[in-house]
$ cat data10.txt   # compact mmCIF, C-alpha atoms (C1' of nucleotides)
# COMPACT_ATOMS: atom_id res chain seq x y z
CA MET A 1 34.28 -11.91 0.88
CA ARG A 2 33.60 -8.67 2.63
CA LEU A 3 32.55 -5.39 1.16
CA ASP A 4 35.30 -2.79 0.91
CA THR A 5 35.37 0.99 0.83
CA TYR A 6 34.50 1.20 -2.87
CA ASP A 7 31.43 -0.99 -2.39
CA ASN A 8 30.48 1.15 0.57
CA LYS A 9 30.68 4.32 -1.51
CA ILE A 10 28.78 2.71 -4.36
CA LEU A 11 25.94 1.69 -2.06
CA THR A 12 25.80 5.12 -0.47
CA VAL A 13 25.44 6.79 -3.86
CA LEU A 14 22.95 4.26 -5.23
CA MET A 15 20.74 4.52 -2.15
CA GLU A 16 20.37 8.24 -2.86
CA ASN A 17 20.17 8.15 -6.61
CA ALA A 18 19.70 4.79 -8.24
CA ARG A 19 19.65 6.30 -11.72
CA VAL A 20 23.18 7.74 -11.83
CA THR A 21 25.15 6.93 -14.94
CA TRP A 22 28.14 4.61 -14.63
CA SER A 23 30.47 7.41 -15.55
CA ASP A 24 29.12 9.76 -12.90
CA LEU A 25 29.18 7.00 -10.31
CA ALA A 26 32.71 6.07 -11.37
CA ALA A 27 33.87 9.67 -11.01
CA MET A 28 32.28 9.94 -7.56
CA ILE A 29 33.93 6.85 -6.14
CA GLY A 30 37.24 7.13 -7.99
CA LEU A 31 37.26 4.13 -10.30
CA SER A 32 36.86 3.67 -14.06
CA SER A 33 33.42 2.99 -15.54
CA PRO A 34 34.02 -0.69 -16.34
CA ALA A 35 35.38 -1.38 -12.85
CA THR A 36 32.39 0.39 -11.32
CA ALA A 37 29.90 -1.50 -13.45
CA ASP A 38 31.62 -4.78 -12.53
CA ARG A 39 31.35 -4.04 -8.84
CA VAL A 40 27.69 -3.08 -9.06
CA HIS A 41 26.89 -6.26 -10.94
CA ARG A 42 28.68 -8.32 -8.32
CA LEU A 43 26.75 -6.54 -5.57
CA GLU A 44 23.52 -7.37 -7.40
CA GLU A 45 24.47 -11.03 -7.85
CA ARG A 46 25.43 -11.45 -4.22
CA GLY A 47 22.10 -9.98 -3.17
CA VAL A 48 23.57 -6.94 -1.45
CA ILE A 49 21.57 -4.80 -3.84
CA ARG A 50 18.07 -6.23 -4.01
CA GLY A 51 16.79 -3.87 -6.66
CA TYR A 52 16.12 -0.31 -7.63
CA GLU A 53 12.87 1.42 -6.80
CA ALA A 54 11.32 4.70 -7.78
CA ALA A 55 9.94 6.40 -4.69
CA VAL A 56 6.43 7.49 -5.65
CA ASP A 57 4.63 10.04 -3.50
CA PRO A 58 1.70 8.06 -2.03
CA GLU A 59 -0.51 11.17 -2.10
CA PHE A 60 -0.47 11.20 -5.89
CA ALA A 61 -1.56 7.61 -6.09
CA GLY A 62 -4.53 8.41 -3.90
CA CYS A 63 -2.94 6.63 -0.95
CA SER A 64 -3.53 9.25 1.69
CA CYS A 65 -4.12 6.77 4.47
CA THR A 66 -1.30 4.98 6.25
CA ALA A 67 -1.83 2.68 9.20
CA PHE A 68 -0.03 0.10 11.27
CA VAL A 69 -2.09 -2.98 11.98
CA ALA A 70 -0.99 -5.33 14.74
CA VAL A 71 -2.34 -8.82 14.18
CA THR A 72 -2.74 -11.85 16.39
CA LEU A 73 -3.63 -15.23 14.96
CA GLU A 74 -5.70 -17.25 17.37
CA SER A 75 -4.92 -20.57 15.73
CA ALA A 76 -1.59 -21.66 14.30
CA GLU A 77 -3.30 -23.32 11.31
CA GLN A 78 -4.19 -19.95 9.81
CA ARG A 79 -0.53 -18.97 9.65
CA ASN A 80 0.17 -19.98 6.07
CA SER A 81 -3.05 -18.65 4.63
CA PHE A 82 -2.50 -15.40 6.51
CA LEU A 83 1.03 -14.95 5.18
CA ASN A 84 -0.18 -15.82 1.71
CA LEU A 85 -2.98 -13.29 1.89
CA VAL A 86 -0.68 -10.58 3.21
CA GLY A 87 1.90 -11.31 0.50
CA ASN A 88 -0.71 -10.77 -2.19
CA LEU A 89 -2.34 -7.64 -0.80
CA ALA A 90 -0.85 -4.60 -2.51
CA GLU A 91 -2.12 -2.41 0.32
CA VAL A 92 0.12 -4.23 2.78
CA GLN A 93 3.57 -2.79 2.25
CA GLU A 94 5.26 -4.53 5.15
CA CYS A 95 4.73 -7.55 7.34
CA HIS A 96 6.94 -8.13 10.37
CA HIS A 97 6.83 -10.98 12.84
CA ILE A 98 7.16 -9.25 16.20
CA ALA A 99 7.82 -9.99 19.83
CA GLY A 100 5.18 -8.90 22.34
CA ASP A 101 1.42 -8.95 22.66
CA TYR A 102 0.72 -9.32 18.95
CA ASP A 103 2.18 -11.70 16.37
CA TYR A 104 2.55 -9.51 13.30
CA LEU A 105 2.83 -5.84 12.52
CA LEU A 106 1.60 -4.70 9.09
CA LYS A 107 2.16 -1.39 7.42
CA VAL A 108 -0.87 -0.63 5.28
CA ARG A 109 -1.28 2.06 2.63
CA CYS A 110 -4.69 2.77 1.19
CA LEU A 111 -7.10 5.41 -0.07
CA ASN A 112 -8.83 6.57 3.09
CA THR A 113 -10.18 5.24 6.36
CA LYS A 114 -13.12 3.61 4.61
CA ASP A 115 -10.72 1.75 2.34
CA LEU A 116 -8.68 0.79 5.41
CA ASP A 117 -11.82 -0.67 6.89
CA ARG A 118 -12.28 -2.74 3.75
CA VAL A 119 -8.71 -4.05 3.91
CA ILE A 120 -9.05 -5.02 7.56
CA SER A 121 -12.65 -6.24 7.66
CA SER A 122 -13.07 -7.78 4.22
CA GLU A 123 -9.52 -8.90 3.48
CA LEU A 124 -7.63 -9.66 6.67
CA LYS A 125 -10.61 -10.82 8.72
CA ARG A 126 -11.77 -13.14 5.97
CA LEU A 127 -9.69 -15.64 7.89
CA THR A 128 -11.12 -16.75 11.22
CA GLY A 129 -9.24 -16.08 14.42
CA VAL A 130 -7.61 -12.86 13.25
CA ARG A 131 -7.55 -10.19 15.95
CA THR A 132 -6.25 -6.73 15.08
CA ARG A 133 -5.31 -3.43 16.65
CA THR A 134 -5.01 -0.54 14.23
CA THR A 135 -2.92 2.58 14.66
CA ILE A 136 -3.70 5.37 12.22
CA VAL A 137 -0.86 7.54 10.94
CA MET A 138 -1.81 11.22 10.96
CA ASN A 139 1.40 12.55 9.45
CA THR A 140 4.61 11.03 8.19
CA LEU A 141 7.63 13.13 9.10
CA LYS A 142 10.42 10.86 7.87
CA GLU A 143 10.32 7.89 5.57
CA SER A 144 13.41 6.42 3.97
CA THR A 145 14.64 3.02 2.93
CA ARG A 146 18.27 3.94 3.44
CA VAL A 147 20.08 1.53 5.61
CA PRO A 148 22.63 3.06 7.97
CA LEU A 149 25.96 2.02 6.48
CA LYS A 150 28.79 1.72 8.94
CA PRO A 151 32.18 1.20 7.30
CA ASP A 152 34.18 -1.72 8.73
CA LEU A 153 30.95 -3.43 9.61
CA PHE A 154 30.17 -4.97 6.28
CA ARG A 155 29.80 -8.65 6.47
CA GLU A 156 28.38 -11.66 4.75
CA LYS A 157 24.73 -12.37 5.46
CA GLY A 158 24.45 -14.10 8.79
CA GLU A 159 28.11 -13.54 9.61
CA MET B 1 -3.68 17.88 -14.35
CA ARG B 2 -4.22 14.24 -13.63
CA LEU B 3 -1.99 11.32 -14.38
CA ASP B 4 -3.01 9.21 -17.35
CA THR B 5 -2.52 5.60 -18.33
CA TYR B 6 0.99 6.16 -19.68
CA ASP B 7 2.09 7.81 -16.43
CA ASN B 8 0.52 4.93 -14.55
CA LYS B 9 2.49 2.38 -16.57
CA ILE B 10 5.69 4.38 -16.21
CA LEU B 11 5.33 4.48 -12.42
CA THR B 12 4.57 0.78 -12.25
CA VAL B 13 7.71 -0.08 -14.17
CA LEU B 14 9.94 2.39 -12.33
CA MET B 15 8.78 1.17 -8.92
CA GLU B 16 10.01 -2.30 -9.87
CA ASN B 17 13.16 -1.37 -11.72
CA ALA B 18 14.33 2.18 -11.44
CA ARG B 19 17.35 1.56 -13.63
CA VAL B 20 15.59 0.64 -16.87
CA THR B 21 16.83 2.44 -19.95
CA TRP B 22 14.53 4.94 -21.60
CA SER B 23 14.35 2.76 -24.67
CA ASP B 24 13.30 -0.33 -22.74
CA LEU B 25 10.79 1.68 -20.75
CA ALA B 26 9.50 3.26 -23.96
CA ALA B 27 9.02 -0.17 -25.53
CA MET B 28 7.18 -1.43 -22.45
CA ILE B 29 4.68 1.40 -22.30
CA GLY B 30 4.30 1.93 -26.04
CA LEU B 31 5.77 5.39 -26.63
CA SER B 32 8.94 6.68 -28.24
CA SER B 33 12.04 7.28 -26.11
CA PRO B 34 11.90 11.09 -26.17
CA ALA B 35 8.23 11.09 -25.22
CA THR B 36 8.94 8.68 -22.38
CA ALA B 37 11.87 10.71 -21.08
CA ASP B 38 9.73 13.86 -21.22
CA ARG B 39 6.99 12.25 -19.19
CA VAL B 40 9.38 10.94 -16.56
CA HIS B 41 10.97 14.36 -16.19
CA ARG B 42 7.57 15.93 -15.75
CA LEU B 43 6.67 13.34 -13.12
CA GLU B 44 9.89 14.20 -11.29
CA GLU B 45 9.26 17.95 -11.46
CA ARG B 46 5.71 17.60 -10.16
CA GLY B 47 6.99 15.57 -7.24
CA VAL B 48 5.15 12.40 -8.19
CA ILE B 49 8.50 10.64 -8.38
CA ARG B 50 10.48 11.66 -5.32
CA GLY B 51 13.67 9.86 -6.23
CA TYR B 52 15.27 6.54 -7.05
CA GLU B 53 16.69 4.30 -4.38
CA ALA B 54 18.77 1.16 -4.42
CA ALA B 55 17.27 -1.37 -2.02
CA VAL B 56 20.21 -2.64 0.04
CA ASP B 57 19.81 -5.81 2.08
CA PRO B 58 20.08 -4.60 5.69
CA GLU B 59 21.79 -7.86 6.70
CA PHE B 60 24.83 -7.02 4.61
CA ALA B 61 25.18 -3.63 6.21
CA GLY B 62 25.25 -5.27 9.60
CA CYS B 63 21.72 -4.04 10.35
CA SER B 64 20.24 -7.24 11.65
CA CYS B 65 18.03 -5.55 14.21
CA THR B 66 14.75 -3.89 13.31
CA ALA B 67 12.41 -2.40 15.88
CA PHE B 68 9.37 -0.18 16.14
CA VAL B 69 9.62 2.38 18.91
CA ALA B 70 6.47 4.16 20.06
CA VAL B 71 7.30 7.49 21.65
CA THR B 72 5.38 9.86 23.87
CA LEU B 73 6.65 13.36 24.58
CA GLU B 74 5.65 14.50 28.04
CA SER B 75 6.11 18.17 27.28
CA ALA B 76 5.23 19.96 24.07
CA GLU B 77 8.42 22.04 24.20
CA GLN B 78 10.55 19.03 23.32
CA ARG B 79 8.70 18.55 20.06
CA ASN B 80 11.04 20.43 17.77
CA SER B 81 14.24 19.09 19.28
CA PHE B 82 12.78 15.59 19.11
CA LEU B 83 11.87 15.89 15.43
CA ASN B 84 15.27 17.38 14.72
CA LEU B 85 17.05 14.55 16.50
CA VAL B 86 14.97 11.92 14.73
CA GLY B 87 15.59 13.56 11.36
CA ASN B 88 19.33 13.33 11.87
CA LEU B 89 19.52 9.80 13.22
CA ALA B 90 20.43 7.42 10.39
CA GLU B 91 19.11 4.51 12.46
CA VAL B 92 15.61 5.98 12.40
CA GLN B 93 14.23 5.13 9.00
CA GLU B 94 10.71 6.34 9.62
CA CYS B 95 8.87 8.69 11.93
CA HIS B 96 5.08 8.82 11.91
CA HIS B 97 2.79 10.99 14.01
CA ILE B 98 0.12 8.58 15.17
CA ALA B 99 -3.28 8.54 16.78
CA GLY B 100 -3.64 6.61 20.00
CA ASP B 101 -1.75 6.12 23.24
CA TYR B 102 1.60 7.24 21.87
CA ASP B 103 2.57 10.31 19.85
CA TYR B 104 5.09 8.95 17.37
CA LEU B 105 6.00 5.62 15.88
CA LEU B 106 9.60 5.17 14.76
CA LYS B 107 11.04 2.41 12.63
CA VAL B 108 14.60 1.80 13.73
CA ARG B 109 17.32 -0.23 12.01
CA CYS B 110 20.54 -1.00 13.80
CA LEU B 111 23.27 -3.56 14.46
CA ASN B 112 21.84 -5.61 17.31
CA THR B 113 19.82 -5.24 20.48
CA LYS B 114 22.76 -3.62 22.26
CA ASP B 115 22.97 -1.01 19.53
CA LEU B 116 19.20 -0.54 19.77
CA ASP B 117 19.64 0.13 23.47
CA ARG B 118 22.18 2.81 22.61
CA VAL B 119 19.84 4.47 20.09
CA ILE B 120 16.98 4.53 22.58
CA SER B 121 18.82 5.26 25.83
CA SER B 122 21.66 7.49 24.65
CA GLU B 123 20.07 9.16 21.65
CA LEU B 124 16.30 9.38 22.02
CA LYS B 125 16.23 9.68 25.81
CA ARG B 126 18.84 12.42 25.79
CA LEU B 127 15.78 14.62 25.74
CA THR B 128 13.81 14.76 28.95
CA GLY B 129 10.22 13.61 29.02
CA VAL B 130 10.60 10.96 26.32
CA ARG B 131 8.71 7.79 27.13
CA THR B 132 9.08 4.80 24.79
CA ARG B 133 7.67 1.36 24.14
CA THR B 134 9.80 -0.84 21.92
CA THR B 135 8.61 -3.71 19.75
CA ILE B 136 11.37 -5.94 18.42
CA VAL B 137 11.02 -7.40 14.94
CA MET B 138 12.00 -11.05 14.85
CA ASN B 139 11.52 -11.61 11.15
CA THR B 140 10.49 -9.47 8.22
CA LEU B 141 8.26 -11.34 5.79
CA LYS B 142 7.38 -8.54 3.41
CA GLU B 143 8.94 -5.14 2.91
CA SER B 144 8.28 -2.98 -0.10
CA THR B 145 8.00 0.69 -0.88
CA ARG B 146 5.61 0.09 -3.74
CA VAL B 147 2.51 2.17 -3.48
CA PRO B 148 -0.69 0.43 -4.60
CA LEU B 149 -1.52 2.18 -7.88
CA LYS B 150 -5.18 2.23 -8.76
CA PRO B 151 -5.89 3.50 -12.25
CA ASP B 152 -8.55 6.21 -12.43
CA LEU B 153 -7.62 7.27 -8.95
CA PHE B 154 -4.66 9.43 -9.77
CA ARG B 155 -5.02 12.92 -8.52
CA GLU B 156 -3.19 16.04 -7.62
CA LYS B 157 -1.73 16.13 -4.13
CA GLY B 158 -4.46 17.03 -1.67
CA GLU B 159 -7.16 16.68 -4.28
C1' DT C 1 2.81 16.32 -26.77
C1' DA C 2 3.91 12.89 -30.08
C1' DT C 3 7.31 11.06 -33.75
C1' DG C 4 11.64 9.99 -36.35
C1' DA C 5 16.40 10.99 -37.82
C1' DA C 6 20.78 12.82 -36.72
C1' DA C 7 24.33 13.87 -33.48
C1' DT C 8 26.23 13.31 -29.07
C1' DG C 9 27.78 10.95 -25.27
C1' DG C 10 27.70 7.05 -22.16
C1' DA C 11 28.08 1.82 -21.73
C1' DT C 12 30.33 -2.46 -22.86
C1' DT C 13 33.77 -5.45 -24.54
C1' DG C 14 38.43 -7.08 -25.09
C1' DG C 15 43.41 -6.68 -24.56
C1' DC C 16 46.64 -5.87 -21.17
C1' DC C 17 48.67 -4.86 -16.54
C1' DG D 1 40.48 -6.63 -10.04
C1' DG D 2 41.71 -2.51 -12.48
C1' DC D 3 42.72 0.59 -16.78
C1' DC D 4 42.48 2.07 -21.54
C1' DA D 5 40.72 2.22 -26.21
C1' DA D 6 37.40 1.12 -29.52
C1' DT D 7 32.90 -0.31 -30.77
C1' DC D 8 28.24 -0.20 -29.89
C1' DC D 9 24.10 1.48 -28.33
C1' DA D 10 21.19 4.65 -25.76
C1' DT D 11 19.95 9.41 -25.03
C1' DT D 12 19.14 13.88 -26.52
C1' DT D 13 18.13 17.37 -29.71
C1' DC D 14 15.70 19.20 -33.47
C1' DA D 15 12.46 19.53 -37.09
C1' DT D 16 7.80 18.31 -38.02
C1' DA D 17 3.00 17.36 -37.24

$ encode --input "data10.txt" --output "structure tokens"
Amino acid sequence: MRLDTYDNKILTVLMENARVTWSDLAAMIGLSSPATADRVHRLEERGVIRGYEAAVDPEFAGCSCTAFVAVTLESAEQRNSFLNLVGNLAEVQECHHIAGDYDYLLKVRCLNTKDLDRVISSELKRLTGVRTRTTIVMNTLKESTRVPLKPDLFREKGE
Amino acid sequence: MRLDTYDNKILTVLMENARVTWSDLAAMIGLSSPATADRVHRLEERGVIRGYEAAVDPEFAGCSCTAFVAVTLESAEQRNSFLNLVGNLAEVQECHHIAGDYDYLLKVRCLNTKDLDRVISSELKRLTGVRTRTTIVMNTLKESTRVPLKPDLFREKGE
DNA sequence: TATGAAATGGATTGGCC
DNA sequence: GGCCAATCCATTTCATA
């Protein structure tokens, strides 16, 4: 069951403004409100829409420090505890398993460089065999969660 | 004008579910609906809340390839055209100015490695003097936009 | 800036195509 | 799967503190 043009339009609108009313959304895509609501609910159930998030300016939360931390685990046994730790650390926004010299790439958001030091030295390096290389972000020029939607390319997961 | 406990709670809820109704949100934080709506509108006006985004599973959009591309510009003149290009490329979700060996770090989402090659070779390298180092993401284990909110640390931007 | 009541307008349900 | 109509419920406004 592929996504059609209506679903495409719905996703495009919801990625920009997740708080639109059904009636506004319906008017934008050219369907009635009940039909629109149905489609959105189906998209949620199928996991196409994972959720709705308010984008909060990190500066206001005191998170003025962003960094990318590349991590290598020296022993495979630490893997689960590392992933567990990372999953529970609010400061770690992202964790990717990467190809190349390092194993993981983390995106970290925290108060300042001192706080970053705490996250790396006291949290991540609590585990033995964790090597890191940190890249400090000086300025963020673009940051969006919008996925590039290409019509005719919608597919089932893994298809 | 700092953010108080109510604002804190509001942000926490909205970061998890941006489509809550005012009445539900009001019940959760312990205020009346009009008061809650007022506060949210003020948070929007002050730029604390930048917007509301549906989180779409990249796999469904055919974006099964994620990569981090470190970029160095060999001449300073290319800077503006580079930032312009990057701002207009839907495949580039993020662009950070970084400290270290490279100038910028881009987060790129596209169809597959062939499509990634197109983005890098045909789009980014259209400009002369663009050197890149690409790190392919094999698996994403955590990905959130939630900012770690620490009560008592709310502040005005730049404060 | 908060509340509560009244009025408005959007969401949901059910019947039907 | 979609539309329409009716009910239901949330949002907004306003008066008050």

$ closest_atom_pairs --input "data10.txt" --of "chain D" --to "region 9-17 of chain C" --cutoff "10 Å" --atoms "all atoms listed in the file" --output "CSV"
residue,atom,partner,partner_atom,distance
D:DG2,C1',C:DC17,C1',8.4
D:DC3,C1',C:DC17,C1',8.1
D:DC4,C1',C:DC16,C1',9.0
D:DA5,C1',C:DG15,C1',9.4
D:DA6,C1',C:DT13,C1',9.0
D:DT7,C1',C:DT13,C1',8.1
D:DC8,C1',C:DT12,C1',7.7
D:DC9,C1',C:DA11,C1',7.7
D:DA10,C1',C:DG10,C1',7.8
D:DT11,C1',C:DG9,C1',8.0
D:DT12,C1',C:DG9,C1',9.2

$ residues_around --input "data10.txt" --residues "DT1 (chain C)" --least-positions-apart "2" --cutoff "10 Å" --atoms "all atoms listed in the file" --output "PyMOL selection string"
(chain B and resi 35+38-39) or (chain C and resi 3)

$ atom_distance --input "data10.txt" --atom1 "CA of Leu141 (chain B)" --atom2 "CA of Gln93 (chain A)"
10.4 Å

$ interface_residues --input "data10.txt" --of "chain B" --to "chain C" --cutoff "9 Å" --atoms "only C-alpha atoms (C1' of nucleotides)" --output "PyMOL selection string"
chain B and resi 31-32+34-35

$ interface_residues --input "data10.txt" --of "chain B" --to "chain A" --cutoff "8 Å" --atoms "only C-alpha atoms" --output "ChimeraX atom specification"
/B:11,14-19,47-63,87,90-91,93-100,109-110,135-150,153-158

$ closest_atom_pairs --input "data10.txt" --of "chain B" --to "chain D" --cutoff "10 Å" --atoms "all atoms listed in the file" --output "CSV"
residue,atom,partner,partner_atom,distance
B:Thr21,CA,D:DA10,C1',7.6
B:Trp22,CA,D:DT11,C1',7.8
B:Ser23,CA,D:DA10,C1',7.2
B:Asp24,CA,D:DA10,C1',9.8
B:Ser33,CA,D:DT11,C1',8.3
B:Pro34,CA,D:DT12,C1',7.8
B:Ala37,CA,D:DT11,C1',9.1

$ write_last_selection --input "data10.txt" --atoms "C-alpha atoms" --output "compact mmCIF listing (two decimals), in the coordinates of the input"
# COMPACT_ATOMS: atom_id res chain seq x y z
CA THR B 21 16.83 2.44 -19.95
CA TRP B 22 14.53 4.94 -21.60
CA SER B 23 14.35 2.76 -24.67
CA ASP B 24 13.30 -0.33 -22.74
CA SER B 33 12.04 7.28 -26.11
CA PRO B 34 11.90 11.09 -26.17
CA ALA B 37 11.87 10.71 -21.08

$ atom_distance --input "data10.txt" --atom1 "CA of Glu45 (chain B)" --atom2 "CA of Asn84 (chain B)"
26.9 Å

$ residues_around --input "data10.txt" --residues "Ile10 (chain B)" --least-positions-apart "6" --cutoff "8 Å" --atoms "all atoms listed in the file" --output "list in words"
Leu25, Ile29 and Val40 of chain B

$ atom_distance --input "data10.txt" --atom1 "CA of Arg133 (chain B)" --atom2 "CA of Arg131 (chain A)"
20.8 Å

$ residues_around --input "data10.txt" --residues "Leu85 (chain A)" --least-positions-apart "6" --cutoff "10 Å" --atoms "only C-alpha atoms (C1' of nucleotides)" --output "PyMOL selection string"
chain A and resi 79+92+123-124+126-127

$ write_last_selection --input "data10.txt" --atoms "C-alpha atoms" --output "compact mmCIF listing (two decimals), keeping the file's coordinate frame"
# COMPACT_ATOMS: atom_id res chain seq x y z
CA ARG A 79 -0.53 -18.97 9.65
CA VAL A 92 0.12 -4.23 2.78
CA GLU A 123 -9.52 -8.90 3.48
CA LEU A 124 -7.63 -9.66 6.67
CA ARG A 126 -11.77 -13.14 5.97
CA LEU A 127 -9.69 -15.64 7.89

$ closest_residue --input "data10.txt" --among "A:Gln78, A:Lys9, A:Arg42, A:Lys114" --to "Ala27 (chain A)" --atoms "all atoms listed in the file"
A:Lys9
